[in-house]
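Printed here is entry.txt (compact mmCIF, C-alpha atoms and all ligand atoms):
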# COMPACT_ATOMS: atom_id res chain seq x y z
CA MET A 95 0.00 0.00 0.00
CA ASN A 96 3.01 2.29 -0.20
CA ASP A 97 3.15 5.06 -2.74
CA ASN A 98 5.82 3.45 -4.87
CA HIS A 99 6.80 4.73 -8.26
CA GLN A 100 9.09 1.86 -9.05
CA HIS A 101 8.82 2.42 -12.78
CA GLY A 102 9.77 6.06 -12.92
CA ASP A 103 7.14 8.61 -13.79
CA PHE A 104 4.83 6.54 -15.99
CA SER A 105 2.70 4.04 -14.16
CA ILE A 106 0.62 1.14 -15.40
CA GLN A 107 -2.39 0.37 -13.28
CA PHE A 108 -4.84 -2.52 -13.37
CA ALA A 109 -8.38 -1.16 -13.72
CA PRO A 110 -11.13 -2.48 -11.46
CA LEU A 111 -13.61 -4.80 -13.17
CA GLN A 112 -16.48 -6.00 -11.02
CA GLY A 113 -16.72 -9.79 -11.27
CA TYR A 114 -13.27 -10.19 -12.82
CA THR A 115 -10.48 -8.47 -10.89
CA GLU A 116 -11.42 -10.02 -7.59
CA ALA A 117 -8.89 -10.75 -4.83
CA ALA A 118 -8.25 -14.25 -6.21
CA TYR A 119 -7.41 -12.83 -9.62
CA ARG A 120 -5.34 -9.90 -8.35
CA ASN A 121 -3.31 -12.18 -6.06
CA ALA A 122 -2.64 -14.61 -8.88
CA HIS A 123 -1.82 -11.91 -11.41
CA SER A 124 0.59 -10.08 -9.13
CA ALA A 125 2.29 -13.37 -8.20
CA CYS A 126 2.86 -14.33 -11.86
CA PHE A 127 3.45 -11.05 -13.68
CA GLU A 128 5.40 -7.94 -12.84
CA GLY A 129 4.77 -4.61 -14.47
CA VAL A 130 1.57 -3.40 -12.78
CA ASP A 131 2.19 -0.56 -10.31
CA ALA A 132 -1.21 -0.59 -8.65
CA TYR A 133 -4.33 -2.74 -8.55
CA TYR A 134 -7.79 -1.32 -7.78
CA THR A 135 -10.68 -3.12 -6.17
CA PRO A 136 -14.02 -3.03 -7.95
CA PHE A 137 -16.25 -0.43 -6.28
CA ILE A 138 -17.52 -0.97 -2.74
CA ARG A 139 -20.93 0.49 -1.95
CA VAL A 140 -23.03 0.77 1.15
CA GLU A 141 -26.65 -0.31 1.08
CA LYS A 142 -29.47 0.13 3.57
CA GLU A 143 -28.51 -3.18 5.10
CA GLY A 144 -24.85 -2.15 5.31
CA PHE A 145 -21.95 -3.71 3.43
CA ARG A 146 -22.21 -6.88 1.39
CA SER A 147 -20.27 -9.65 3.09
CA LYS A 148 -18.58 -10.45 -0.21
CA ASP A 149 -17.27 -6.88 -0.38
CA LEU A 150 -15.92 -7.13 3.16
CA ARG A 151 -14.13 -10.37 2.27
CA GLU A 152 -12.75 -8.91 -0.93
CA ILE A 153 -10.99 -5.97 0.74
CA ASP A 154 -9.78 -7.89 3.80
CA PRO A 155 -5.99 -7.26 3.85
CA THR A 156 -5.32 -10.84 4.97
CA ARG A 157 -6.85 -12.08 1.72
CA ASN A 158 -4.99 -9.66 -0.52
CA ARG A 159 -1.39 -10.05 -1.61
CA ALA A 160 -0.98 -7.56 -4.49
CA PRO A 161 1.82 -5.22 -3.41
CA ARG A 162 -0.21 -2.05 -3.91
CA LEU A 163 -3.98 -2.35 -3.68
CA ILE A 164 -6.23 0.70 -3.79
CA PRO A 165 -9.84 0.21 -2.70
CA GLN A 166 -12.53 2.08 -4.61
CA LEU A 167 -15.73 3.57 -3.24
CA ILE A 168 -18.91 4.57 -5.01
CA ALA A 169 -21.42 6.84 -3.29
CA SER A 170 -23.97 9.51 -4.10
CA THR A 171 -23.64 11.44 -0.82
CA PRO A 172 -20.79 12.37 1.53
CA GLU A 173 -22.49 10.40 4.33
CA LYS A 174 -22.38 7.17 2.35
CA ALA A 175 -18.86 7.87 1.15
CA GLU A 176 -17.76 8.46 4.73
CA ALA A 177 -19.20 5.13 5.88
CA ILE A 178 -17.18 3.33 3.21
CA LEU A 179 -14.11 5.41 3.90
CA SER A 180 -14.26 4.49 7.59
CA LEU A 181 -14.25 0.85 6.59
CA PHE A 182 -11.18 1.35 4.37
CA ILE A 183 -9.38 3.22 7.17
CA GLU A 184 -10.25 0.51 9.67
CA LYS A 185 -8.68 -2.02 7.30
CA GLY A 186 -5.51 0.04 7.14
CA TYR A 187 -5.70 1.47 3.61
CA LYS A 188 -3.96 4.79 3.00
CA GLU A 189 -5.02 5.31 -0.63
CA VAL A 190 -8.62 5.43 -1.83
CA ASP A 191 -10.17 5.84 -5.27
CA ILE A 192 -13.51 7.57 -5.83
CA ASN A 193 -15.69 6.21 -8.63
CA LEU A 194 -17.24 8.93 -10.80
CA GLY A 195 -17.32 6.75 -13.88
CA CYS A 196 -19.66 3.79 -13.48
CA PRO A 197 -22.19 3.90 -16.35
CA PHE A 198 -24.64 1.17 -15.27
CA PRO A 199 -28.08 2.80 -15.52
CA LEU A 200 -29.43 1.45 -12.22
CA ILE A 201 -26.44 2.89 -10.38
CA ALA A 202 -26.05 6.08 -12.41
CA LYS A 203 -29.69 7.12 -12.18
CA ARG A 204 -29.29 7.32 -8.39
CA HIS A 205 -26.49 9.88 -8.88
CA ASN A 206 -23.66 7.40 -8.43
CA GLY A 207 -20.59 7.03 -10.65
CA SER A 208 -20.92 8.90 -13.95
CA GLY A 209 -24.53 9.69 -12.95
CA LEU A 210 -23.13 12.29 -10.55
CA LEU A 211 -21.14 14.19 -13.20
CA PRO A 212 -24.01 16.45 -14.37
CA TYR A 213 -24.42 17.75 -10.79
CA PRO A 214 -21.39 19.89 -9.82
CA GLU A 215 -22.82 20.80 -6.41
CA GLU A 216 -23.20 17.16 -5.47
CA VAL A 217 -19.72 16.37 -6.75
CA GLU A 218 -18.40 19.27 -4.69
CA SER A 219 -20.02 18.07 -1.50
CA LEU A 220 -18.65 14.55 -2.06
CA LEU A 221 -15.16 15.86 -2.75
CA ARG A 222 -15.12 17.95 0.42
CA LEU A 223 -14.24 14.68 2.15
CA VAL A 224 -10.91 14.70 0.37
CA SER A 225 -9.73 17.82 2.19
CA ARG A 226 -11.02 16.52 5.54
CA TYR A 227 -9.20 13.18 5.51
CA THR A 228 -5.66 14.45 5.20
CA ASP A 229 -4.10 11.07 6.07
CA ILE A 230 -5.65 9.48 3.02
CA SER A 231 -4.37 9.95 -0.50
CA PHE A 232 -7.35 10.17 -2.85
CA SER A 233 -7.71 9.63 -6.57
CA VAL A 234 -10.75 9.97 -8.84
CA LYS A 235 -11.72 7.69 -11.70
CA MET A 236 -14.19 9.34 -14.06
CA ARG A 237 -15.72 9.60 -17.50
CA LEU A 238 -16.14 12.68 -19.67
CA GLY A 239 -19.66 13.16 -18.41
CA TRP A 240 -22.99 11.41 -18.38
CA ASP A 241 -24.53 13.26 -21.30
CA SER A 242 -21.85 15.59 -22.66
CA PRO A 243 -18.07 16.13 -22.46
CA GLU A 244 -18.81 19.65 -21.25
CA GLU A 245 -19.51 18.11 -17.86
CA CYS A 246 -15.87 17.24 -17.09
CA LEU A 247 -14.71 20.67 -18.24
CA ARG A 248 -17.23 22.31 -15.92
CA LEU A 249 -15.98 20.14 -13.05
CA ALA A 250 -12.28 20.82 -13.70
CA PRO A 251 -11.91 23.93 -11.46
CA LEU A 252 -13.58 22.09 -8.64
CA LEU A 253 -11.39 19.01 -9.11
CA ASN A 254 -8.29 21.20 -9.32
CA GLU A 255 -9.05 22.68 -5.92
CA VAL A 256 -8.90 19.40 -4.01
CA PRO A 257 -5.66 17.52 -3.33
CA LEU A 258 -5.84 14.43 -5.52
CA ARG A 259 -3.06 11.94 -6.20
CA GLN A 260 -4.36 11.45 -9.73
CA ILE A 261 -7.38 11.57 -11.98
CA THR A 262 -8.03 8.64 -14.27
CA LEU A 263 -10.18 9.61 -17.23
CA HIS A 264 -12.01 7.13 -19.45
CA PRO A 265 -12.99 9.24 -22.47
CA ARG A 266 -16.50 7.95 -23.03
CA LEU A 267 -19.82 9.29 -21.78
CA GLY A 268 -21.84 7.40 -19.21
CA LYS A 269 -24.78 7.14 -21.58
CA GLN A 270 -22.52 5.37 -24.11
CA GLN A 271 -21.81 2.53 -21.65
CA TYR A 272 -18.97 0.72 -23.46
CA LYS A 273 -20.27 1.36 -26.98
CA GLY A 274 -18.87 3.64 -29.65
CA THR A 275 -15.35 4.95 -29.73
CA THR A 276 -13.35 6.80 -27.13
CA ASP A 277 -13.24 10.58 -27.64
CA LEU A 278 -9.56 11.50 -27.68
CA GLU A 279 -10.23 15.16 -28.53
CA ALA A 280 -12.35 15.49 -25.41
CA PHE A 281 -9.60 13.75 -23.39
CA ASP A 282 -7.14 16.31 -24.71
CA ALA A 283 -9.42 19.20 -23.81
CA PHE A 284 -9.66 17.94 -20.22
CA ARG A 285 -5.89 17.34 -20.12
CA HIS A 286 -5.30 21.02 -20.81
CA VAL A 287 -7.41 22.20 -17.89
CA CYS A 288 -6.55 19.47 -15.37
CA HIS A 289 -3.81 20.32 -12.85
CA HIS A 290 -3.56 16.83 -11.34
CA PRO A 291 -1.48 13.93 -12.62
CA LEU A 292 -3.68 12.45 -15.36
CA VAL A 293 -4.00 8.78 -16.23
CA TYR A 294 -5.56 7.56 -19.47
CA ASN A 295 -7.99 4.64 -19.46
CA GLY A 296 -9.86 2.96 -22.29
CA ASP A 297 -9.46 0.33 -24.99
CA LEU A 298 -5.68 -0.18 -24.66
CA ARG A 299 -5.01 -3.69 -25.91
CA THR A 300 -1.50 -3.78 -27.37
CA LEU A 301 1.98 -2.38 -26.77
CA GLU A 302 1.43 -0.04 -29.71
CA ASP A 303 -1.83 1.25 -28.20
CA ILE A 304 0.05 2.22 -25.03
CA GLN A 305 2.92 3.77 -26.97
CA ASN A 306 0.54 5.73 -29.20
CA ILE A 307 -1.42 7.15 -26.28
CA ARG A 308 1.80 8.15 -24.52
CA THR A 309 3.07 9.87 -27.65
CA ARG A 310 -0.22 11.59 -28.32
CA PHE A 311 -0.54 12.88 -24.76
CA PRO A 312 2.92 13.84 -23.49
CA GLY A 313 3.06 14.32 -19.74
CA LEU A 314 0.56 11.58 -18.95
CA ALA A 315 1.16 10.16 -15.47
CA GLY A 316 0.28 6.68 -16.69
CA VAL A 317 -2.34 4.40 -18.11
CA MET A 318 -4.94 2.24 -16.46
CA ILE A 319 -5.80 -0.94 -18.31
CA GLY A 320 -8.74 -3.28 -17.75
CA ARG A 321 -9.91 -5.59 -20.51
CA GLY A 322 -6.54 -5.41 -22.30
CA LEU A 323 -4.84 -6.95 -19.26
CA LEU A 324 -7.58 -9.54 -18.83
CA ALA A 325 -7.04 -10.53 -22.48
CA ASN A 326 -3.25 -10.48 -22.23
CA PRO A 327 -2.11 -10.62 -18.59
CA ALA A 328 1.48 -10.01 -19.76
CA LEU A 329 0.67 -6.64 -21.34
CA ALA A 330 2.13 -4.42 -18.60
CA LEU A 331 5.28 -6.51 -18.35
CA GLU A 332 5.65 -6.53 -22.13
CA TYR A 333 5.35 -2.75 -22.19
CA ARG A 334 8.04 -2.44 -19.53
CA GLN A 335 10.32 -4.77 -21.47
CA GLY A 336 9.48 -3.20 -24.82
CA ALA A 337 8.74 -6.58 -26.41
CA ALA A 338 6.18 -9.37 -26.34
CA LEU A 339 6.92 -12.44 -24.21
CA PRO A 340 7.62 -15.62 -26.15
CA CYS A 341 4.32 -17.43 -26.62
CA SER A 342 5.34 -20.54 -24.67
CA LYS A 343 6.50 -18.47 -21.69
CA LYS A 344 3.30 -16.46 -21.72
CA MET A 345 1.10 -19.54 -21.86
CA GLU A 346 3.03 -21.11 -19.01
CA LYS A 347 2.45 -18.07 -16.83
CA ILE A 348 -1.22 -17.79 -17.78
CA ARG A 349 -1.61 -21.44 -16.82
CA GLN A 350 -0.10 -20.55 -13.44
CA ILE A 351 -2.56 -17.70 -12.94
CA HIS A 352 -5.39 -19.99 -13.92
CA ASP A 353 -4.34 -22.68 -11.46
CA LEU A 354 -3.98 -20.18 -8.62
CA VAL A 355 -7.40 -18.64 -9.31
CA PHE A 356 -8.97 -22.08 -9.62
CA GLN A 357 -7.46 -23.17 -6.30
CA SER A 358 -8.68 -20.10 -4.46
CA TYR A 359 -12.21 -20.53 -5.82
CA GLU A 360 -12.08 -24.17 -4.81
CA GLN A 361 -11.20 -23.21 -1.25
CA GLN A 362 -13.59 -20.28 -1.09
CA LEU A 363 -16.75 -21.70 -2.66
CA GLU A 364 -18.92 -24.15 -0.88
CA GLY A 365 -21.64 -24.30 -3.50
CA GLY A 366 -20.23 -27.32 -5.31
CA GLU A 367 -19.19 -28.03 -8.83
CA MET A 368 -21.63 -25.80 -10.72
CA GLN A 369 -20.78 -22.71 -8.69
CA LEU A 370 -17.06 -23.33 -9.14
CA LEU A 371 -17.54 -23.82 -12.88
CA SER A 372 -19.54 -20.66 -13.33
CA LYS A 373 -16.99 -18.60 -11.38
CA ILE A 374 -13.95 -19.96 -13.20
CA LYS A 375 -15.58 -19.55 -16.61
CA ALA A 376 -15.58 -15.77 -16.03
CA PHE A 377 -11.78 -16.06 -16.04
CA TRP A 378 -12.04 -17.02 -19.71
CA GLU A 379 -14.46 -14.34 -20.87
CA TYR A 380 -11.84 -11.81 -21.94
CA LEU A 381 -8.72 -14.01 -21.85
CA LEU A 382 -6.85 -14.87 -25.08
CA PRO A 383 -9.41 -13.61 -27.59
CA ASP A 384 -7.27 -14.93 -30.45
CA ALA A 385 -7.15 -18.48 -29.12
CA ASP A 386 -8.80 -21.26 -31.11
CA LYS A 387 -12.58 -20.65 -30.91
CA LYS A 388 -13.36 -24.35 -30.66
CA LEU A 389 -11.07 -24.80 -27.68
CA LEU A 390 -12.54 -21.77 -25.93
CA LYS A 391 -16.05 -22.99 -26.64
CA ALA A 392 -15.24 -26.35 -25.09
CA ILE A 393 -14.19 -24.54 -21.90
CA HIS A 394 -17.39 -22.49 -21.79
CA LYS A 395 -19.60 -25.49 -22.54
CA SER A 396 -18.10 -27.86 -19.98
CA ASN A 397 -20.58 -28.85 -17.29
CA ARG A 398 -18.32 -31.02 -15.14
CA ILE A 399 -15.01 -30.11 -13.55
CA SER A 400 -13.32 -33.09 -15.21
CA ARG A 401 -14.51 -31.94 -18.65
CA TYR A 402 -13.46 -28.42 -17.83
CA GLN A 403 -9.94 -29.51 -16.86
CA GLN A 404 -9.63 -31.49 -20.09
CA ALA A 405 -10.74 -28.48 -22.12
CA VAL A 406 -8.26 -26.22 -20.33
CA ASP A 407 -5.44 -28.72 -20.85
CA ALA A 408 -6.33 -28.91 -24.54
CA LEU A 409 -6.15 -25.15 -24.90
CA PHE A 410 -2.79 -24.76 -23.17
CA TYR A 411 -1.37 -27.88 -24.79
CA GLY A 412 -2.61 -26.81 -28.24
CA ASN A 413 -1.03 -23.39 -27.92
CA GLU A 414 2.26 -24.76 -26.67
CA GLN A 415 2.53 -26.87 -29.78
CA LYS A 416 2.45 -23.81 -32.03
C1 LIG B 1 -17.50 -5.89 -16.38
C2 LIG B 1 -16.91 -4.57 -16.00
C3 LIG B 1 -16.87 -4.19 -14.64
C4 LIG B 1 -16.33 -2.95 -14.27
N1 LIG B 1 -16.29 -2.61 -12.94
C5 LIG B 1 -15.75 -1.40 -12.59
C6 LIG B 1 -15.66 -0.98 -11.22
O1 LIG B 1 -16.06 -1.69 -10.27
N2 LIG B 1 -15.12 0.24 -10.95
C7 LIG B 1 -14.67 1.07 -11.95
O2 LIG B 1 -14.18 2.16 -11.67
N3 LIG B 1 -14.74 0.70 -13.24
C8 LIG B 1 -15.25 -0.50 -13.57
N4 LIG B 1 -15.28 -0.86 -14.89
C9 LIG B 1 -14.66 0.02 -15.89
C10 LIG B 1 -13.17 -0.35 -16.11
O3 LIG B 1 -12.42 -0.13 -14.94
C11 LIG B 1 -12.56 0.49 -17.25
O4 LIG B 1 -12.72 1.85 -16.95
C12 LIG B 1 -13.22 0.19 -18.60
O5 LIG B 1 -13.35 -1.20 -18.81
C13 LIG B 1 -12.42 0.81 -19.75
O6 LIG B 1 -11.08 0.37 -19.70
P1 LIG B 1 -10.55 -0.88 -20.58
O7 LIG B 1 -10.97 -0.62 -22.00
O8 LIG B 1 -9.06 -0.86 -20.37
O9 LIG B 1 -11.20 -2.11 -20.03
C14 LIG B 1 -15.82 -2.07 -15.27
C15 LIG B 1 -15.87 -2.47 -16.62
C16 LIG B 1 -16.40 -3.69 -16.99
C17 LIG B 1 -16.40 -4.07 -18.46

Give the structure from the file, written as structure tokens.
Amino acid sequence: MNDNHQHGDFSIQFAPLQGYTEAAYRNAHSACFEGVDAYYTPFIRVEKEGFRSKDLREIDPTRNRAPRLIPQLIASTPEKAEAILSLFIEKGYKEVDINLGCPFPLIAKRHNGSGLLPYPEEVESLLRLVSRYTDISFSVKMRLGWDSPEECLRLAPLLNEVPLRQITLHPRLGKQQYKGTTDLEAFDAFRHVCHHPLVYNGDLRTLEDIQNIRTRFPGLAGVMIGRGLLANPALALEYRQGAALPCSKKMEKIRQIHDLVFQSYEQQLEGGEMQLLSKIKAFWEYLLPDADKKLLKAIHKSNRISRYQQAVDALFYGNEQK
């Protein structure tokens, strides 16, 4: 949880993805691959009934082994944010990320995530927390707006006033969800008015994508990568090394991640074979999109653990033969 900048002034961060970058995955990834400077938890929220027990488990420091893990909160009011913040502080975290980007309609329509961006006064009252908790280093992860990129420009003076470690900007609108293209012009416009270290997030899948974004936006503090790292868990390491890993080495390491994630689900889940299968299949949803479709399909179709293991062996074995 220390503020390490081991890779100089350009950091690569693993984006939070609810349902994918869980503790089991983060632990396995950080054990097998170097190159990621910080991992983020998917957002934690507080409901009428309190915290979800799964969320409490997921941020428990004894279950997390990534060297730098930053928990993320999502809230529509300072009161809710404070409840979550107290939990993070109790668990010993010193860095916290505030979600102003989530586009899911059910969440956004209650003024959470990117649904808060059209309301500067509400954003301001939420961000007042940042100046009150001086022992915590805050960052913000946001989109351009809910409805228009004007929203982030209007918020810039307000964001500039509070002490933030960084802003991560995903240049889409909330109403776009994940459709359409990213708006790099709008990212650039925000970059010119933002006084905080700025991190780019969105659709980075290859070494060239990272290089291009860095060249296009000089002075970026780093990039945050989600689906690109799920597809190619070696991406951050490859960027650091300036070259792709040999295929056999990469497959060997991905197999290791898989086995670690599988083992932790096996220990953690008590719901039997079907629950284990449905959890571990999520591991394959974004992974290796260029792998043989038939082999991937066999993994997704398997309805017994033994079948699943055979399908996984076939995929790794098949690739190693290439
Ligand atoms: C399934 C899914 C779950 C996500 N969960 C979160 C989340 O909990 N918190 C968050 O800030 N962003 C979340 N995101 C957004 C990602 O962190 C990231 O901003 C987005 O995927 C764009 O980056 P990418 O193209 O590198 O994946 C999620 C995205 C997806 C697809």

Quote the spacing between atom CA of Glu173 of chain A and atom CA of Met318 of chain A in Å to one decimal place.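 Straight-line distance from atom CA of Glu173 of chain A to atom CA of Met318 of chain A works out to 28.4 Å.
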
Give as a VMD selection string the residues surrounding ligand LIG 1 (chain B) up to a distance of 10 Å, considering all atoms listed in the file. chain A and resid 107 to 116 134 to 139 165 to 168 191 to 198 207 to 208 234 to 237 262 to 266 271 to 272 276 294 to 299 317 to 325 380

Report, in Å to a single decimal, how far apart atom CA of His352 of chain A and atom CA of Leu371 of chain A are.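 So the two atoms, atom CA of Leu371 of chain A and atom CA of His352 of chain A, lie 12.8 Å apart.
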
Distance criterion (all atoms listed in the file): nearest to Val224 of chain A out of A:Cys246, A:Leu179, A:Leu211, A:Cys126: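 Closest to Val224 of chain A, using all atoms listed in the file: A:Leu179.
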
When distances are computed from only C-alpha atoms, which of A:Ile399, A:Leu314, A:Ala385, A:Ile348 shows the smallest separation from Glu360 of chain A?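 Nearest to Glu360 of chain A: A:Ile399.
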
Give the answer as one residue: which of A:Lys174, A:Arg120, A:His286, A:Lys375 has the shortest atom-to-atom distance to Ala160 of chain A, using all atoms listed in the file?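 Using all atoms listed in the file, Ala160 of chain A sits closest to A:Arg120.
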
Mind listing whatever residues come within 6 Å of the point (-3.8, 9.6, -15.1)? Use only C-alpha atoms, file coordinates, and give them as a PDB file with C-alpha atoms, in the frame of the given file.
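Output file selection_20.pdb follows:
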ATOM      1  CA  GLN A 260      -4.360  11.450  -9.730  1.00  0.00           C
ATOM      2  CA  ILE A 261      -7.380  11.570 -11.980  1.00  0.00           C
ATOM      3  CA  THR A 262      -8.030   8.640 -14.270  1.00  0.00           C
ATOM      4  CA  PRO A 291      -1.480  13.930 -12.620  1.00  0.00           C
ATOM      5  CA  LEU A 292      -3.680  12.450 -15.360  1.00  0.00           C
ATOM      6  CA  VAL A 293      -4.000   8.780 -16.230  1.00  0.00           C
ATOM      7  CA  TYR A 294      -5.560   7.560 -19.470  1.00  0.00           C
ATOM      8  CA  ALA A 315       1.160  10.160 -15.470  1.00  0.00           C
ATOM      9  CA  GLY A 316       0.280   6.680 -16.690  1.00  0.00           C
TER      10      GLY A 316
END

Interatomic distance (Å, one decimal) between atom CA of Pro172 of chain A and atom CA of Leu220 of chain A: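 Going from atom CA of Pro172 of chain A over to atom CA of Leu220 of chain A, I get 4.7 Å.
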